[in-house]
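Everything on this sheet refers to the single structure shown next.
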Amino acid sequence: MERTWRWFGKNDKITLAMLKQIGVEGIVTALHDVPLGEVWTREKIKDLREYIESYGMRWSVVESLPVVETIKYGGPDRDQQIEIYKESLRNLSAEGIHTICYNFMPVLDWARTDLLHANPNGSSNLFFSYAEFAYFDIYILKRQGAREEWARFQFPAGVGEGRNVLEEADALAKTMTPEKDHQLVENIVIKTQGFVSGNFKEGDEHPLELFHQLLANYDGIDKNQLRENMKYFLNAIMPTCEECDMNMCVHPDDPPIEILGLPRIVRTQEDIQWFLDAVPNKHNGLTFCAGSLSAGAYNNVVEMARKFAPRTHFVHLRSCHIFPNGDFTEASHLGGRADIIELARIFEQENPALPMRVDHGMTMLGDETKGYNAGYSFLGRMFAMGQVQGILATVDRELGIEYKQPGFYE
């Protein structure tokens with residue numbers, strides 16, 4: 001697979017010169033300075049593409065060309081926003097960029113409650129606590145109906161047996177402080193969302209008010225309606241994708257559970273099969289994020305990879321570990337539930353040119369002092385990239401595929 005790296009543009013503290021040295025071939029990025037709902041102009045795309053190419057790499061994948069909320073909930077300006085999206089697709093194609101990773105998660109992108117959860121080896125990782133998230137929902141966000149929903153919450157078979165998340169959230173309420181509340185808001189609403197969605201940013205005075213406004217747009221939107229809205233969007237852009245040879249690959253929901261009273265429709269094997277069947281066009285495909293899928297105890301990640309490899313346009317190789325109580329954390333790239341070694345075999349056999357990135361990595365050896373985006377450390381991801389490069393070299397030898405390490409004399 002092509003070794004790619006999520007990079008956040010010219011202001012990223014991790015430079016392209018650094019990435020060139022560690023064997024990165026392709027860049028995964030976006031026009032982060034373009035406001036939501038505006039056209040990505042060809043001029044801006046060209047400028048960033050040429051900047052990447054000046055370092056001997058290519059712009060392999062757009063992550064993300066955001067699908068604005070009005071498209072997701074079916075607002076009155078949905079068709080107008082779809083036309084803007086199609087124009088951006090045409091401009092990207094004209095500059096030779098043909099793979100678009102996007103998501104259809106309402107309001108909240110990926111969610112974690114702790115961004116620096118201590119590992120036994122002294123590093124840290126992203127972590128999700130159900131009790132802390134329920135506490136945020138009930139006591140900080142104060143979402144109507146949250147208490148009743150968490151009272152009904154059940155873990156999938158095999159984890160969280162006998163656990164009562166609502167009782168744990170109520171117990172937390174007796175020990176939390178304003179400082180801890182602020183940190184939880186930062187972790188859930190600000191630090192994992194602003195650079196992705198553009199809805200939130202550090203310094204917002206009333207992020208929870210905006211959060212409530214966004215949630216209100218989904219009143220009456222259930223799983224079936226959200227599915228239909230996704231189908232509407234995909235059917236509308238498929239002619240453009242055919243014309244311009246653009247591969248759309250949706251990112252699975254992260255975590256793969258319904259949260260905040262919102263439907264989530266890319267969580268399970270059945271969900272993925274539904275949207276692939278609903279729009280049976282080769283340009284409608286999947287970002288196979290092994291980390292997101294492995295956070296769901298009901299998902300057999302290897303089985304899903306075998307099933308959906310032909311419709312996968314982009315791969316995120318990471319893995320999650322689920323604790324017996326149901327909480328989960330990012331795992332080593334050689335551990336967790338995802339079995340990255342077997343995934344590498346599956347995707348290399350399907351398409352050895354498929355772009356892949358290691359996705360989240362440990363925060364280690366001073367990463368935490370550098371101001372990197374949450375989950376996107378340098379040394380931690382470089383360590384993960386080294387692990388995955390070793391896996392790919394071994395798998396390629398097994399399969400008789402030539403493996404070349406960039407930057408070295410043959």
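In the structure tokens, each chain is lettered A, B, ... as it comes, each chain's residues begin at 1, and ligands are numbered from 1 in order of appearance.
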*Spatial neighbours of Gly74 of chain A, max dist 12 Å, only C-alpha atoms, sep filter under 2 positions, as a PyMOL selection string*: chain A and resi 67-72+76-82+106+217-221+225-233
*Within 10 Å of Asp181 of chain A, counting only C-alpha atoms, which residues show up once you throw out same-chain ones fewer than 2 positions away? Write them as number ranges by chain, please.*
A: 132, 135-136, 139-140, 173, 176-179, 183-187
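Those residues that approach Trp7 of chain A to within 9 Å, counting only C-alpha atoms, are Lys10, Asp12, Ile14, Thr15, Leu16, Ile27, Val28, Thr29, Ala30 and Tyr376 of chain A; same-chain residues fewer than 3 positions away are not listed.
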*Restricting the calculation to only C-alpha atoms, which member of A:Gly375, A:Gly75, A:Leu89, A:Leu19 is positioned closest to Tyr55 of chain A?*
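Looking only at the distances to Tyr55 of chain A, the closest residue turns out to be A:Leu19.
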_Nearest candidate to Asn281 of chain A (options A:Asp327, A:Val301, A:Thr99, A:Met246; using only C-alpha atoms)_ = A:Met246
*Pick from A:Pro252, A:Arg337, A:Ala295, A:Met1: nearest to Ala393 of chain A, with only C-alpha atoms counted?*
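Checking each of A:Pro252, A:Arg337, A:Ala295, A:Met1 against Ala393 of chain A, counting only C-alpha atoms, the winner is A:Met1.
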*Would you list the contacts of Ile84 of chain A as a PyMOL selection string, taking every protein, DNA or RNA residue within 8 Å and counting only C-alpha atoms, but skipping same-chain residues closer than 3 positions in sequence?*
chain A and resi 37-39+80-81+87-88
Mind dumping the selected residues with C-alpha atoms as a short mmCIF file (atom, residue, chain, number, x, y, z; two decimals), in the first residue's frame?
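Result written to again_2.cif:
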data_model
loop_
_atom_site.label_atom_id
_atom_site.label_comp_id
_atom_site.auth_asym_id
_atom_site.auth_seq_id
_atom_site.Cartn_x
_atom_site.Cartn_y
_atom_site.Cartn_z
CA GLY A 37 -19.77 25.34 2.45
CA GLU A 38 -17.51 27.29 0.07
CA VAL A 39 -16.02 26.08 -3.20
CA GLN A 80 -27.23 24.38 -3.33
CA GLN A 81 -24.54 22.91 -1.09
CA GLU A 87 -17.75 22.06 -8.23
CA SER A 88 -15.03 21.31 -5.68
#
I want to know what sits within 12 Å of Leu31 of chain A, based on only C-alpha atoms, with residues of the same chain fewer than 2 positions away left out; could you give that as a PDB file with N, CA and C atoms, in the first residue's frame?
ATOM      1  N   TRP A   7      -1.651  15.291   7.140  1.00  0.00           N
ATOM      2  CA  TRP A   7      -0.879  16.520   7.323  1.00  0.00           C
ATOM      3  C   TRP A   7      -1.839  17.694   7.259  1.00  0.00           C
ATOM      4  N   PHE A   8      -1.629  18.671   8.134  1.00  0.00           N
ATOM      5  CA  PHE A   8      -2.617  19.730   8.294  1.00  0.00           C
ATOM      6  C   PHE A   8      -2.222  21.050   7.645  1.00  0.00           C
ATOM      7  N   GLY A   9      -1.443  20.962   6.584  1.00  0.00           N
ATOM      8  CA  GLY A   9      -1.161  22.147   5.796  1.00  0.00           C
ATOM      9  C   GLY A   9       0.152  22.834   6.156  1.00  0.00           C
ATOM     10  N   LYS A  10       0.387  23.961   5.508  1.00  0.00           N
ATOM     11  CA  LYS A  10       1.677  24.640   5.616  1.00  0.00           C
ATOM     12  C   LYS A  10       1.987  25.123   7.026  1.00  0.00           C
ATOM     13  N   ASN A  11       0.977  25.271   7.869  1.00  0.00           N
ATOM     14  CA  ASN A  11       1.213  25.703   9.247  1.00  0.00           C
ATOM     15  C   ASN A  11       1.371  24.533  10.210  1.00  0.00           C
ATOM     16  N   VAL A  28      -2.073  13.139   2.872  1.00  0.00           N
ATOM     17  CA  VAL A  28      -3.518  13.195   3.077  1.00  0.00           C
ATOM     18  C   VAL A  28      -3.808  14.529   3.754  1.00  0.00           C
ATOM     19  N   THR A  29      -4.519  15.408   3.072  1.00  0.00           N
ATOM     20  CA  THR A  29      -4.732  16.733   3.637  1.00  0.00           C
ATOM     21  C   THR A  29      -5.985  17.366   3.040  1.00  0.00           C
ATOM     22  N   ASP A  33      -8.186  26.164   5.315  1.00  0.00           N
ATOM     23  CA  ASP A  33      -8.484  27.589   5.436  1.00  0.00           C
ATOM     24  C   ASP A  33      -9.746  28.001   4.685  1.00  0.00           C
ATOM     25  N   VAL A  34     -10.363  27.068   3.950  1.00  0.00           N
ATOM     26  CA  VAL A  34     -11.589  27.398   3.218  1.00  0.00           C
ATOM     27  C   VAL A  34     -12.788  27.174   4.145  1.00  0.00           C
ATOM     28  N   PRO A  35     -13.613  28.183   4.377  1.00  0.00           N
ATOM     29  CA  PRO A  35     -14.763  28.015   5.274  1.00  0.00           C
ATOM     30  C   PRO A  35     -15.715  26.921   4.788  1.00  0.00           C
ATOM     31  N   LEU A  36     -16.420  26.310   5.726  1.00  0.00           N
ATOM     32  CA  LEU A  36     -17.397  25.285   5.395  1.00  0.00           C
ATOM     33  C   LEU A  36     -18.414  25.813   4.390  1.00  0.00           C
ATOM     34  N   GLU A  38     -18.012  26.498   1.192  1.00  0.00           N
ATOM     35  CA  GLU A  38     -17.507  27.289   0.074  1.00  0.00           C
ATOM     36  C   GLU A  38     -16.745  26.403  -0.904  1.00  0.00           C
ATOM     37  N   VAL A  39     -16.691  26.845  -2.155  1.00  0.00           N
ATOM     38  CA  VAL A  39     -16.018  26.080  -3.205  1.00  0.00           C
ATOM     39  C   VAL A  39     -14.512  26.048  -2.961  1.00  0.00           C
ATOM     40  N   TRP A  40     -13.916  24.877  -3.165  1.00  0.00           N
ATOM     41  CA  TRP A  40     -12.465  24.769  -3.220  1.00  0.00           C
ATOM     42  C   TRP A  40     -12.039  25.159  -4.638  1.00  0.00           C
ATOM     43  N   THR A  41     -11.394  26.291  -4.764  1.00  0.00           N
ATOM     44  CA  THR A  41     -11.019  26.764  -6.091  1.00  0.00           C
ATOM     45  C   THR A  41      -9.834  25.972  -6.633  1.00  0.00           C
ATOM     46  N   ARG A  42      -9.757  25.936  -7.958  1.00  0.00           N
ATOM     47  CA  ARG A  42      -8.648  25.221  -8.580  1.00  0.00           C
ATOM     48  C   ARG A  42      -7.314  25.876  -8.226  1.00  0.00           C
ATOM     49  N   GLU A  43      -7.313  27.188  -8.099  1.00  0.00           N
ATOM     50  CA  GLU A  43      -6.078  27.905  -7.783  1.00  0.00           C
ATOM     51  C   GLU A  43      -5.529  27.480  -6.420  1.00  0.00           C
ATOM     52  N   LYS A  44      -6.419  27.397  -5.422  1.00  0.00           N
ATOM     53  CA  LYS A  44      -5.969  26.995  -4.084  1.00  0.00           C
ATOM     54  C   LYS A  44      -5.503  25.543  -4.073  1.00  0.00           C
ATOM     55  N   ILE A  45      -6.229  24.698  -4.772  1.00  0.00           N
ATOM     56  CA  ILE A  45      -5.855  23.280  -4.836  1.00  0.00           C
ATOM     57  C   ILE A  45      -4.480  23.138  -5.499  1.00  0.00           C
ATOM     58  N   LYS A  46      -4.301  23.843  -6.598  1.00  0.00           N
ATOM     59  CA  LYS A  46      -3.030  23.763  -7.326  1.00  0.00           C
ATOM     60  C   LYS A  46      -1.865  24.233  -6.466  1.00  0.00           C
ATOM     61  N   ASP A  47      -2.066  25.321  -5.740  1.00  0.00           N
ATOM     62  CA  ASP A  47      -1.004  25.859  -4.898  1.00  0.00           C
ATOM     63  C   ASP A  47      -0.540  24.825  -3.878  1.00  0.00           C
ATOM     64  N   LEU A  48      -1.479  24.161  -3.214  1.00  0.00           N
ATOM     65  CA  LEU A  48      -1.100  23.179  -2.196  1.00  0.00           C
ATOM     66  C   LEU A  48      -0.522  21.927  -2.844  1.00  0.00           C
ATOM     67  N   ARG A  49      -1.100  21.501  -3.957  1.00  0.00           N
ATOM     68  CA  ARG A  49      -0.570  20.317  -4.654  1.00  0.00           C
ATOM     69  C   ARG A  49       0.884  20.541  -5.064  1.00  0.00           C
ATOM     70  N   TRP A  59      -0.136  14.606  -3.432  1.00  0.00           N
ATOM     71  CA  TRP A  59      -1.378  14.745  -2.662  1.00  0.00           C
ATOM     72  C   TRP A  59      -2.254  13.562  -3.049  1.00  0.00           C
ATOM     73  N   VAL A  61      -4.789  11.808  -1.091  1.00  0.00           N
ATOM     74  CA  VAL A  61      -6.176  11.715  -0.628  1.00  0.00           C
ATOM     75  C   VAL A  61      -6.583  13.043  -0.010  1.00  0.00           C
ATOM     76  N   VAL A  62      -7.803  13.467  -0.292  1.00  0.00           N
ATOM     77  CA  VAL A  62      -8.398  14.601   0.412  1.00  0.00           C
ATOM     78  C   VAL A  62      -9.112  14.067   1.643  1.00  0.00           C
ATOM     79  N   GLU A  63      -8.700  14.538   2.793  1.00  0.00           N
ATOM     80  CA  GLU A  63      -9.403  14.211   4.040  1.00  0.00           C
ATOM     81  C   GLU A  63      -9.407  15.452   4.911  1.00  0.00           C
ATOM     82  N   SER A  64     -10.546  16.132   4.925  1.00  0.00           N
ATOM     83  CA  SER A  64     -11.795  15.795   4.267  1.00  0.00           C
ATOM     84  C   SER A  64     -12.253  16.967   3.405  1.00  0.00           C
ATOM     85  N   LEU A  65     -13.066  16.649   2.399  1.00  0.00           N
ATOM     86  CA  LEU A  65     -13.896  17.650   1.756  1.00  0.00           C
ATOM     87  C   LEU A  65     -15.215  17.575   2.515  1.00  0.00           C
ATOM     88  N   PRO A  66     -15.441  18.483   3.488  1.00  0.00           N
ATOM     89  CA  PRO A  66     -16.525  18.272   4.446  1.00  0.00           C
ATOM     90  C   PRO A  66     -17.915  18.275   3.805  1.00  0.00           C
ATOM     91  N   SER A  88     -16.309  21.609  -6.328  1.00  0.00           N
ATOM     92  CA  SER A  88     -15.030  21.307  -5.685  1.00  0.00           C
ATOM     93  C   SER A  88     -14.469  19.985  -6.190  1.00  0.00           C
ATOM     94  N   LEU A  92     -10.808  19.495  -7.974  1.00  0.00           N
ATOM     95  CA  LEU A  92      -9.815  18.535  -7.481  1.00  0.00           C
ATOM     96  C   LEU A  92      -9.390  17.587  -8.594  1.00  0.00           C
ATOM     97  N   PHE A 195     -10.437  21.456  14.110  1.00  0.00           N
ATOM     98  CA  PHE A 195      -9.591  21.418  12.922  1.00  0.00           C
ATOM     99  C   PHE A 195     -10.162  20.518  11.849  1.00  0.00           C
ATOM    100  N   VAL A 196     -11.171  19.721  12.203  1.00  0.00           N
ATOM    101  CA  VAL A 196     -11.792  18.834  11.227  1.00  0.00           C
ATOM    102  C   VAL A 196     -13.027  19.477  10.621  1.00  0.00           C
ATOM    103  N   SER A 197     -13.933  19.926  11.462  1.00  0.00           N
ATOM    104  CA  SER A 197     -15.235  20.361  10.972  1.00  0.00           C
ATOM    105  C   SER A 197     -15.347  21.856  10.752  1.00  0.00           C
ATOM    106  N   GLY A 198     -14.532  22.633  11.459  1.00  0.00           N
ATOM    107  CA  GLY A 198     -14.659  24.081  11.360  1.00  0.00           C
ATOM    108  C   GLY A 198     -15.783  24.648  12.198  1.00  0.00           C
TER     109      GLY A 198
END
*So how many Å separate atom CA of Ala309 of chain A and atom CA of Leu343 of chain A, to one decimal?*
9.7 Å
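The residue that comes closest to Glu209 of chain A, out of A:Lys142, A:Thr192, A:Thr394, A:Ile259 and on the basis of only C-alpha atoms, is A:Lys142.
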*Pick from A:Glu148, A:Glu161, A:Asp109, A:Glu2: nearest to Pro255 of chain A, with only C-alpha atoms counted?*
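For Pro255 of chain A, the nearest of the given residues is A:Asp109.
Of the residues in segment 224-385 of chain A, those given strand (DSSP E) by DSSP on the backbone are Asn247, Met248, Cys249, Val250, Asn284, Gly285, Leu286, Thr287, Phe288, Cys289, Thr312, His313, Phe314, Val315, His316, Cys320, His321, Ile322, Phe328, Thr329, Glu330, Pro355, Met356 and Arg357 of chain A.
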*For the atom pair atom CA of Met105 of chain A and atom CA of Ile265 of chain A, what is the interatomic distance in Å to one decimal place?*
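Atom CA of Met105 of chain A sits 7.8 Å away from atom CA of Ile265 of chain A.
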_alpha helix (DSSP H) residues, from DSSP on the backbone, in segment 61-299 of chain A, as a VMD selection string_ = chain A and resid 69 to 73 78 to 94 130 to 135 146 to 152 165 to 173 178 to 185 194 to 197 207 to 216 223 to 244 269 to 278 290 to 294
Would you mind exporting the chosen residues as a short mmCIF file (atom, residue, chain, number, x, y, z; two decimals), in the first residue's frame, restricted to C-alpha atoms?
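Now in again.cif:
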data_model
loop_
_atom_site.label_atom_id
_atom_site.label_comp_id
_atom_site.auth_asym_id
_atom_site.auth_seq_id
_atom_site.Cartn_x
_atom_site.Cartn_y
_atom_site.Cartn_z
CA GLU A 69 -24.60 19.61 8.18
CA THR A 70 -27.45 20.84 5.95
CA ILE A 71 -26.71 17.98 3.53
CA LYS A 72 -26.78 15.50 6.39
CA TYR A 73 -30.07 16.62 7.91
CA ARG A 78 -29.10 21.09 0.61
CA ASP A 79 -29.19 21.13 -3.19
CA GLN A 80 -27.23 24.38 -3.33
CA GLN A 81 -24.54 22.91 -1.09
CA ILE A 82 -24.40 19.74 -3.19
CA GLU A 83 -23.74 21.87 -6.29
CA ILE A 84 -20.88 23.57 -4.44
CA TYR A 85 -19.54 20.13 -3.47
CA LYS A 86 -19.66 18.99 -7.09
CA GLU A 87 -17.75 22.06 -8.23
CA SER A 88 -15.03 21.31 -5.68
CA LEU A 89 -14.88 17.72 -6.95
CA ARG A 90 -14.37 18.94 -10.51
CA ASN A 91 -11.59 21.28 -9.42
CA LEU A 92 -9.81 18.54 -7.48
CA SER A 93 -10.05 16.19 -10.45
CA ALA A 94 -8.62 18.84 -12.75
CA TYR A 130 -18.59 5.69 28.67
CA ALA A 131 -19.17 7.06 32.18
CA GLU A 132 -17.36 10.32 31.42
CA PHE A 133 -19.17 10.74 28.12
CA ALA A 134 -22.53 10.10 29.83
CA TYR A 135 -21.59 12.65 32.51
CA ALA A 146 -30.01 12.17 27.92
CA ARG A 147 -30.65 10.64 31.35
CA GLU A 148 -33.41 8.40 30.01
CA GLU A 149 -31.26 7.27 27.08
CA TRP A 150 -28.29 6.38 29.27
CA ALA A 151 -30.63 4.50 31.62
CA ARG A 152 -31.52 2.27 28.64
CA VAL A 165 -23.23 3.73 33.09
CA LEU A 166 -25.91 6.06 34.45
CA GLU A 167 -25.00 5.22 38.05
CA GLU A 168 -21.33 5.82 37.25
CA ALA A 169 -22.13 9.19 35.67
CA ASP A 170 -24.11 10.19 38.77
CA ALA A 171 -21.18 9.16 40.96
CA LEU A 172 -18.81 11.24 38.83
CA ALA A 173 -21.05 14.27 39.33
CA PRO A 178 -15.17 23.13 37.13
CA GLU A 179 -11.62 22.54 35.91
CA LYS A 180 -12.38 18.90 35.08
CA ASP A 181 -15.63 19.91 33.39
CA HIS A 182 -13.73 22.41 31.24
CA GLN A 183 -11.19 19.77 30.25
CA LEU A 184 -13.95 17.36 29.24
CA VAL A 185 -15.55 20.03 27.03
CA GLY A 194 -12.37 22.28 15.35
CA PHE A 195 -9.59 21.42 12.92
CA VAL A 196 -11.79 18.83 11.23
CA SER A 197 -15.24 20.36 10.97
CA PRO A 207 -19.29 26.24 22.35
CA LEU A 208 -22.10 24.36 24.10
CA GLU A 209 -24.69 26.83 22.81
CA LEU A 210 -23.51 26.18 19.26
CA PHE A 211 -23.51 22.47 20.02
CA HIS A 212 -27.17 22.64 21.07
CA GLN A 213 -28.04 24.57 17.92
CA LEU A 214 -26.41 21.93 15.74
CA LEU A 215 -28.15 19.10 17.62
CA ALA A 216 -31.54 20.82 17.17
CA LYS A 223 -31.55 6.26 11.31
CA ASN A 224 -33.74 5.63 8.27
CA GLN A 225 -34.01 9.31 7.40
CA LEU A 226 -30.27 9.87 7.79
CA ARG A 227 -29.68 6.89 5.50
CA GLU A 228 -31.98 8.40 2.91
CA ASN A 229 -30.17 11.73 3.17
CA MET A 230 -26.84 10.00 2.57
CA LYS A 231 -28.29 8.14 -0.41
CA TYR A 232 -29.67 11.42 -1.80
CA PHE A 233 -26.24 13.05 -1.52
CA LEU A 234 -24.39 10.15 -3.12
CA ASN A 235 -26.87 9.79 -5.99
CA ALA A 236 -26.59 13.52 -6.64
CA ILE A 237 -22.79 13.52 -6.91
CA MET A 238 -22.25 10.16 -8.66
CA PRO A 239 -22.60 11.61 -12.20
CA THR A 240 -19.82 14.07 -11.34
CA CYS A 241 -17.74 11.26 -9.85
CA GLU A 242 -18.20 9.25 -13.05
CA GLU A 243 -17.31 12.24 -15.20
CA CYS A 244 -14.20 13.09 -13.17
CA GLN A 269 -21.12 -4.63 8.59
CA GLU A 270 -24.84 -4.32 7.90
CA ASP A 271 -24.56 -0.51 7.76
CA ILE A 272 -21.70 -0.62 5.27
CA GLN A 273 -23.47 -3.16 3.10
CA TRP A 274 -26.56 -0.94 3.08
CA PHE A 275 -24.90 2.20 1.68
CA LEU A 276 -22.84 0.22 -0.85
CA ASP A 277 -26.01 -1.50 -2.10
CA ALA A 278 -28.06 1.71 -1.96
CA ALA A 290 -9.67 -0.47 11.27
CA GLY A 291 -9.47 1.61 14.44
CA SER A 292 -13.04 2.89 14.33
CA LEU A 293 -14.43 -0.52 13.45
CA SER A 294 -12.37 -2.35 16.08
#
*Selection near His313 of chain A, 7 Å with only C-alpha atoms, sequence-local residues under 2 positions removed, as number ranges by chain*: A: 247, 249, 285-287, 311, 354
*Tell me which of A:Glu53, A:Phe288, A:Asp222, A:Glu330 sits closest to Pro263 of chain A, counting only C-alpha atoms.*
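For Pro263 of chain A, the nearest of the candidates is A:Asp222.
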*Using atom CA of Arg267 of chain A and atom CA of Asp137 of chain A as the two end points, give the distance in Å to one decimal.*
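Distance reported for this atom pair: 20.6 Å.
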*Extract, using only C-alpha atoms, all DNA, RNA and protein residues at most 9 Å from Asp339 of chain A, discarding same-chain residues fewer than 3 positions from it, and format them as number ranges by chain.*
A: 290, 301-302, 319, 333-336, 342-344
Taking C-alpha atoms for each residue, export the selection above as a PDB file, in the first residue's frame.
ATOM      1  CA  ALA A 290      -9.665  -0.474  11.271  1.00  0.00           C
ATOM      2  CA  VAL A 301     -12.672  -6.446  11.507  1.00  0.00           C
ATOM      3  CA  VAL A 302     -10.819  -9.064   9.461  1.00  0.00           C
ATOM      4  CA  SER A 319      -6.271  -0.754  16.240  1.00  0.00           C
ATOM      5  CA  HIS A 333      -0.294  -1.176  15.792  1.00  0.00           C
ATOM      6  CA  LEU A 334       0.781  -4.766  16.505  1.00  0.00           C
ATOM      7  CA  GLY A 335      -2.002  -5.359  19.045  1.00  0.00           C
ATOM      8  CA  GLY A 336      -5.649  -4.669  19.750  1.00  0.00           C
ATOM      9  CA  GLU A 342      -3.871  -9.870   8.423  1.00  0.00           C
ATOM     10  CA  LEU A 343      -5.438  -6.648   7.161  1.00  0.00           C
ATOM     11  CA  ALA A 344      -2.191  -5.854   5.342  1.00  0.00           C
TER      12      ALA A 344
END
